[in-house]
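First comes the structure, then the notes that go with it.
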Amino acid sequence: LRAEYNRLVEGLALRGDLSGGDQWLANPALPHDILKEAVPGNIRRAEHFVHVLRRLLQYLGGRLDTENVEKESPVSFVSSLNSQAGIEQKTLKFCYDRLHSLMLTLEITDTDEFLPIQTVCDFATLVGTYARGFSIIIEPYDERMPHIP
């Protein structure tokens, strides 16, 4: 399997279909400058990271407690999060990595029960990493169950 993979990569490189080379293959979705950044000091310690997650969840819970559909850009969402919960954009950018590191440290193998917090960290990382290309839509009710928030 490894030999077949190497042949495939070499073929793509020879044809010129593989721009970016090995660095792109290692991390196809993250820009190069993000990979060089260090995890912010305010989430290096586990208890500090958990505290940041608690503030993030409280903020999201407050935002979801609305009667109207809201649409917001990532920049305004991060600005609002920073002013109301004190969480900076750079901290959001590293939520996924920090949660992954914490779960490895705690030797958690059954990650299914942590799927909701992983989803929140994925969202936080996307919002912290990309300033454009999508919108954040907050819908208080699902159309299929309009009586359940």
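Letters A, B, ... go to the chains of the structure tokens in the order shown; residues in each chain start at 1; ligands are counted from 1 in the same order.
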
Check your understanding: So which residues of chain A fall under helix (DSSP H, G or I) by DSSP, listed as a PyMOL selection string?
Key -> chain A and resi 2-15+21-26+32-36+41-43+46-64+74-85+89-93+95-105+112-129

Produce a file of the selected residues containing C-alpha atoms, as an mmCIF file, in the first residue's frame.
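Final output, saved to result29.cif:
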data_model
loop_
_atom_site.group_PDB
_atom_site.id
_atom_site.type_symbol
_atom_site.label_atom_id
_atom_site.label_comp_id
_atom_site.auth_asym_id
_atom_site.auth_seq_id
_atom_site.Cartn_x
_atom_site.Cartn_y
_atom_site.Cartn_z
ATOM 1 C CA ARG A 2 2.839 2.394 0.887
ATOM 2 C CA ALA A 3 4.583 1.658 -2.451
ATOM 3 C CA GLU A 4 1.367 2.347 -4.368
ATOM 4 C CA TYR A 5 0.885 5.614 -2.477
ATOM 5 C CA ASN A 6 4.463 6.707 -3.253
ATOM 6 C CA ARG A 7 3.993 5.898 -6.958
ATOM 7 C CA LEU A 8 0.779 7.927 -6.996
ATOM 8 C CA VAL A 9 2.444 10.940 -5.360
ATOM 9 C CA GLU A 10 5.442 10.733 -7.708
ATOM 10 C CA GLY A 11 3.123 10.559 -10.712
ATOM 11 C CA LEU A 12 1.194 13.608 -9.580
ATOM 12 C CA ALA A 13 4.430 15.512 -8.944
ATOM 13 C CA LEU A 14 5.849 14.634 -12.388
ATOM 14 C CA ARG A 15 2.674 15.802 -14.118
ATOM 15 C CA GLY A 21 4.952 19.335 -2.463
ATOM 16 C CA ASP A 22 5.466 17.445 0.773
ATOM 17 C CA GLN A 23 4.457 20.367 2.997
ATOM 18 C CA TRP A 24 1.046 20.478 1.350
ATOM 19 C CA LEU A 25 0.623 16.730 1.702
ATOM 20 C CA ALA A 26 1.427 16.868 5.399
ATOM 21 C CA HIS A 32 1.825 27.461 6.491
ATOM 22 C CA ASP A 33 1.977 30.368 8.945
ATOM 23 C CA ILE A 34 -0.509 28.698 11.296
ATOM 24 C CA LEU A 35 1.613 25.566 11.506
ATOM 25 C CA LYS A 36 4.569 27.594 12.800
ATOM 26 C CA GLY A 41 0.164 30.631 26.909
ATOM 27 C CA ASN A 42 -3.356 31.133 28.239
ATOM 28 C CA ILE A 43 -4.373 27.585 27.213
ATOM 29 C CA ALA A 46 -5.075 22.002 31.143
ATOM 30 C CA GLU A 47 -7.055 23.818 33.835
ATOM 31 C CA HIS A 48 -6.746 27.109 31.953
ATOM 32 C CA PHE A 49 -7.905 25.460 28.724
ATOM 33 C CA VAL A 50 -10.909 23.914 30.477
ATOM 34 C CA HIS A 51 -11.761 27.344 31.910
ATOM 35 C CA VAL A 52 -11.620 28.874 28.412
ATOM 36 C CA LEU A 53 -13.889 26.102 27.113
ATOM 37 C CA ARG A 54 -16.359 26.766 29.926
ATOM 38 C CA ARG A 55 -16.488 30.475 29.008
ATOM 39 C CA LEU A 56 -16.880 29.572 25.322
ATOM 40 C CA LEU A 57 -19.769 27.214 26.086
ATOM 41 C CA GLN A 58 -21.472 29.841 28.264
ATOM 42 C CA TYR A 59 -21.116 32.378 25.456
ATOM 43 C CA LEU A 60 -22.498 29.959 22.846
ATOM 44 C CA GLY A 61 -25.374 29.028 25.151
ATOM 45 C CA GLY A 62 -26.255 32.691 25.527
ATOM 46 C CA ARG A 63 -26.087 33.245 21.781
ATOM 47 C CA LEU A 64 -28.327 30.246 21.107
ATOM 48 C CA PRO A 74 -16.636 35.231 11.510
ATOM 49 C CA VAL A 75 -14.904 38.555 12.236
ATOM 50 C CA SER A 76 -17.893 40.055 14.047
ATOM 51 C CA PHE A 77 -18.519 36.761 15.881
ATOM 52 C CA VAL A 78 -14.924 36.657 17.157
ATOM 53 C CA SER A 79 -15.099 40.336 18.099
ATOM 54 C CA SER A 80 -18.290 39.750 20.074
ATOM 55 C CA LEU A 81 -16.796 36.656 21.728
ATOM 56 C CA ASN A 82 -13.697 38.608 22.704
ATOM 57 C CA SER A 83 -15.644 41.501 24.204
ATOM 58 C CA GLN A 84 -18.193 39.368 26.075
ATOM 59 C CA ALA A 85 -16.181 36.277 27.110
ATOM 60 C CA GLN A 89 -9.010 34.858 18.088
ATOM 61 C CA LYS A 90 -5.592 33.203 18.497
ATOM 62 C CA THR A 91 -6.900 31.145 21.417
ATOM 63 C CA LEU A 92 -9.807 29.911 19.285
ATOM 64 C CA LYS A 93 -7.414 28.913 16.536
ATOM 65 C CA CYS A 95 -8.829 24.809 20.468
ATOM 66 C CA TYR A 96 -8.795 21.677 18.320
ATOM 67 C CA ASP A 97 -5.068 21.053 18.861
ATOM 68 C CA ARG A 98 -5.260 21.703 22.588
ATOM 69 C CA LEU A 99 -8.269 19.392 23.102
ATOM 70 C CA HIS A 100 -6.579 16.670 21.065
ATOM 71 C CA SER A 101 -3.420 17.044 23.130
ATOM 72 C CA LEU A 102 -5.382 16.943 26.391
ATOM 73 C CA MET A 103 -7.228 13.782 25.358
ATOM 74 C CA LEU A 104 -3.950 12.106 24.442
ATOM 75 C CA THR A 105 -2.427 13.125 27.771
ATOM 76 C CA ASP A 112 -17.540 9.103 21.398
ATOM 77 C CA GLU A 113 -18.745 10.632 24.653
ATOM 78 C CA PHE A 114 -16.580 13.715 23.940
ATOM 79 C CA LEU A 115 -18.016 14.301 20.454
ATOM 80 C CA PRO A 116 -20.045 17.396 21.477
ATOM 81 C CA ILE A 117 -17.007 19.203 22.927
ATOM 82 C CA GLN A 118 -14.919 18.116 19.935
ATOM 83 C CA THR A 119 -17.537 19.676 17.655
ATOM 84 C CA VAL A 120 -17.399 22.936 19.630
ATOM 85 C CA CYS A 121 -13.579 22.945 19.426
ATOM 86 C CA ASP A 122 -13.720 22.259 15.669
ATOM 87 C CA PHE A 123 -16.088 25.203 15.281
ATOM 88 C CA ALA A 124 -13.887 27.451 17.432
ATOM 89 C CA THR A 125 -10.803 26.535 15.408
ATOM 90 C CA LEU A 126 -12.550 27.281 12.108
ATOM 91 C CA VAL A 127 -13.839 30.624 13.360
ATOM 92 C CA GLY A 128 -10.431 31.511 14.785
ATOM 93 C CA THR A 129 -8.534 30.487 11.647
#

Practice item. For CA of Glu139 in chain A and CA of Phe94 in chain A, determine how far apart the two atoms are, in Å to one decimal place. Key: 26.0 Å

Practice item. Go through A:Pro140, A:Phe134, A:Arg44, A:Thr109 one by one, measure the shortest atom-to-atom distance of each to Glu70 in chain A using only C-alpha atoms, and give the residue with the smallest value. Key: A:Pro140

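In the backbone-derived DSSP annotation, strand (DSSP E or B) within chain A comprises Glu70, Lys71, Glu72, Ile136, Ile137, Ile138, Asp142 and Met145 of chain A.
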
Selection from above, all heavy atoms, as a PDB file, in the first residue's frame, can you write it?
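Result file is result32.pdb:
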ATOM      1  N   GLU A  70     -30.156  34.624  13.358  1.00  0.00           N
ATOM      2  CA  GLU A  70     -29.110  35.630  13.222  1.00  0.00           C
ATOM      3  C   GLU A  70     -28.034  35.131  12.272  1.00  0.00           C
ATOM      4  O   GLU A  70     -27.679  33.956  12.299  1.00  0.00           O
ATOM      5  CB  GLU A  70     -28.482  35.929  14.586  1.00  0.00           C
ATOM      6  CG  GLU A  70     -29.448  36.478  15.605  1.00  0.00           C
ATOM      7  CD  GLU A  70     -28.821  36.649  16.971  1.00  0.00           C
ATOM      8  OE1 GLU A  70     -27.570  36.644  17.064  1.00  0.00           O
ATOM      9  OE2 GLU A  70     -29.571  36.771  17.947  1.00  0.00           O
ATOM     10  N   LYS A  71     -27.520  36.043  11.461  1.00  0.00           N
ATOM     11  CA  LYS A  71     -26.425  35.732  10.547  1.00  0.00           C
ATOM     12  C   LYS A  71     -25.294  36.697  10.848  1.00  0.00           C
ATOM     13  O   LYS A  71     -25.521  37.900  10.982  1.00  0.00           O
ATOM     14  CB  LYS A  71     -26.878  35.880   9.104  1.00  0.00           C
ATOM     15  CG  LYS A  71     -25.791  35.616   8.089  1.00  0.00           C
ATOM     16  CD  LYS A  71     -26.292  35.841   6.686  1.00  0.00           C
ATOM     17  CE  LYS A  71     -25.148  35.754   5.716  1.00  0.00           C
ATOM     18  NZ  LYS A  71     -25.537  36.179   4.374  1.00  0.00           N
ATOM     19  N   GLU A  72     -24.080  36.140  10.945  1.00  0.00           N
ATOM     20  CA  GLU A  72     -22.950  36.964  11.358  1.00  0.00           C
ATOM     21  C   GLU A  72     -21.688  36.496  10.642  1.00  0.00           C
ATOM     22  O   GLU A  72     -21.517  35.313  10.372  1.00  0.00           O
ATOM     23  CB  GLU A  72     -22.794  36.820  12.875  1.00  0.00           C
ATOM     24  CG  GLU A  72     -21.924  37.837  13.515  1.00  0.00           C
ATOM     25  CD  GLU A  72     -22.028  37.766  15.030  1.00  0.00           C
ATOM     26  OE1 GLU A  72     -22.650  36.851  15.579  1.00  0.00           O
ATOM     27  OE2 GLU A  72     -21.445  38.654  15.670  1.00  0.00           O
ATOM     28  N   ILE A 136     -21.827  32.622   9.992  1.00  0.00           N
ATOM     29  CA  ILE A 136     -22.326  31.898  11.152  1.00  0.00           C
ATOM     30  C   ILE A 136     -23.811  32.207  11.251  1.00  0.00           C
ATOM     31  O   ILE A 136     -24.211  33.369  11.343  1.00  0.00           O
ATOM     32  CB  ILE A 136     -21.579  32.327  12.423  1.00  0.00           C
ATOM     33  CG1 ILE A 136     -20.120  31.939  12.265  1.00  0.00           C
ATOM     34  CG2 ILE A 136     -22.192  31.696  13.658  1.00  0.00           C
ATOM     35  CD1 ILE A 136     -19.189  32.681  13.144  1.00  0.00           C
ATOM     36  N   ILE A 137     -24.624  31.168  11.213  1.00  0.00           N
ATOM     37  CA  ILE A 137     -26.071  31.326  11.276  1.00  0.00           C
ATOM     38  C   ILE A 137     -26.556  30.674  12.561  1.00  0.00           C
ATOM     39  O   ILE A 137     -26.316  29.496  12.801  1.00  0.00           O
ATOM     40  CB  ILE A 137     -26.760  30.697  10.047  1.00  0.00           C
ATOM     41  CG1 ILE A 137     -26.253  31.373   8.775  1.00  0.00           C
ATOM     42  CG2 ILE A 137     -28.276  30.801  10.180  1.00  0.00           C
ATOM     43  CD1 ILE A 137     -26.721  30.732   7.502  1.00  0.00           C
ATOM     44  N   ILE A 138     -27.222  31.452  13.378  1.00  0.00           N
ATOM     45  CA  ILE A 138     -27.755  30.953  14.646  1.00  0.00           C
ATOM     46  C   ILE A 138     -29.269  30.833  14.486  1.00  0.00           C
ATOM     47  O   ILE A 138     -29.963  31.826  14.283  1.00  0.00           O
ATOM     48  CB  ILE A 138     -27.401  31.909  15.802  1.00  0.00           C
ATOM     49  CG1 ILE A 138     -25.882  31.985  15.925  1.00  0.00           C
ATOM     50  CG2 ILE A 138     -28.041  31.451  17.095  1.00  0.00           C
ATOM     51  CD1 ILE A 138     -25.385  33.051  16.860  1.00  0.00           C
ATOM     52  N   ASP A 142     -35.276  24.261  15.222  1.00  0.00           N
ATOM     53  CA  ASP A 142     -35.203  23.394  14.053  1.00  0.00           C
ATOM     54  C   ASP A 142     -36.581  23.412  13.394  1.00  0.00           C
ATOM     55  O   ASP A 142     -37.600  23.294  14.084  1.00  0.00           O
ATOM     56  CB  ASP A 142     -34.826  21.974  14.487  1.00  0.00           C
ATOM     57  CG  ASP A 142     -34.570  21.042  13.322  1.00  0.00           C
ATOM     58  OD1 ASP A 142     -34.963  21.373  12.189  1.00  0.00           O
ATOM     59  OD2 ASP A 142     -33.971  19.987  13.545  1.00  0.00           O
ATOM     60  N   MET A 145     -38.878  20.601  14.329  1.00  0.00           N
ATOM     61  CA  MET A 145     -39.420  20.588  15.695  1.00  0.00           C
ATOM     62  C   MET A 145     -39.458  22.025  16.223  1.00  0.00           C
ATOM     63  O   MET A 145     -38.639  22.407  17.066  1.00  0.00           O
ATOM     64  CB  MET A 145     -38.548  19.713  16.591  1.00  0.00           C
ATOM     65  CG  MET A 145     -38.516  18.270  16.174  1.00  0.00           C
ATOM     66  SD  MET A 145     -37.402  17.296  17.162  1.00  0.00           S
ATOM     67  CE  MET A 145     -35.824  17.729  16.440  1.00  0.00           C
TER      68      MET A 145
END

Review point. With distances taken over only C-alpha atoms, which of A:Ser73, A:Arg45, A:Ile108, A:Pro40 is nearest to Tyr130 in chain A?
Key: A:Ser73

Check your understanding: What gap, in Å, lies between CA of Pro149 in chain A and CA of Ser135 in chain A?
Key -> 21.0 Å
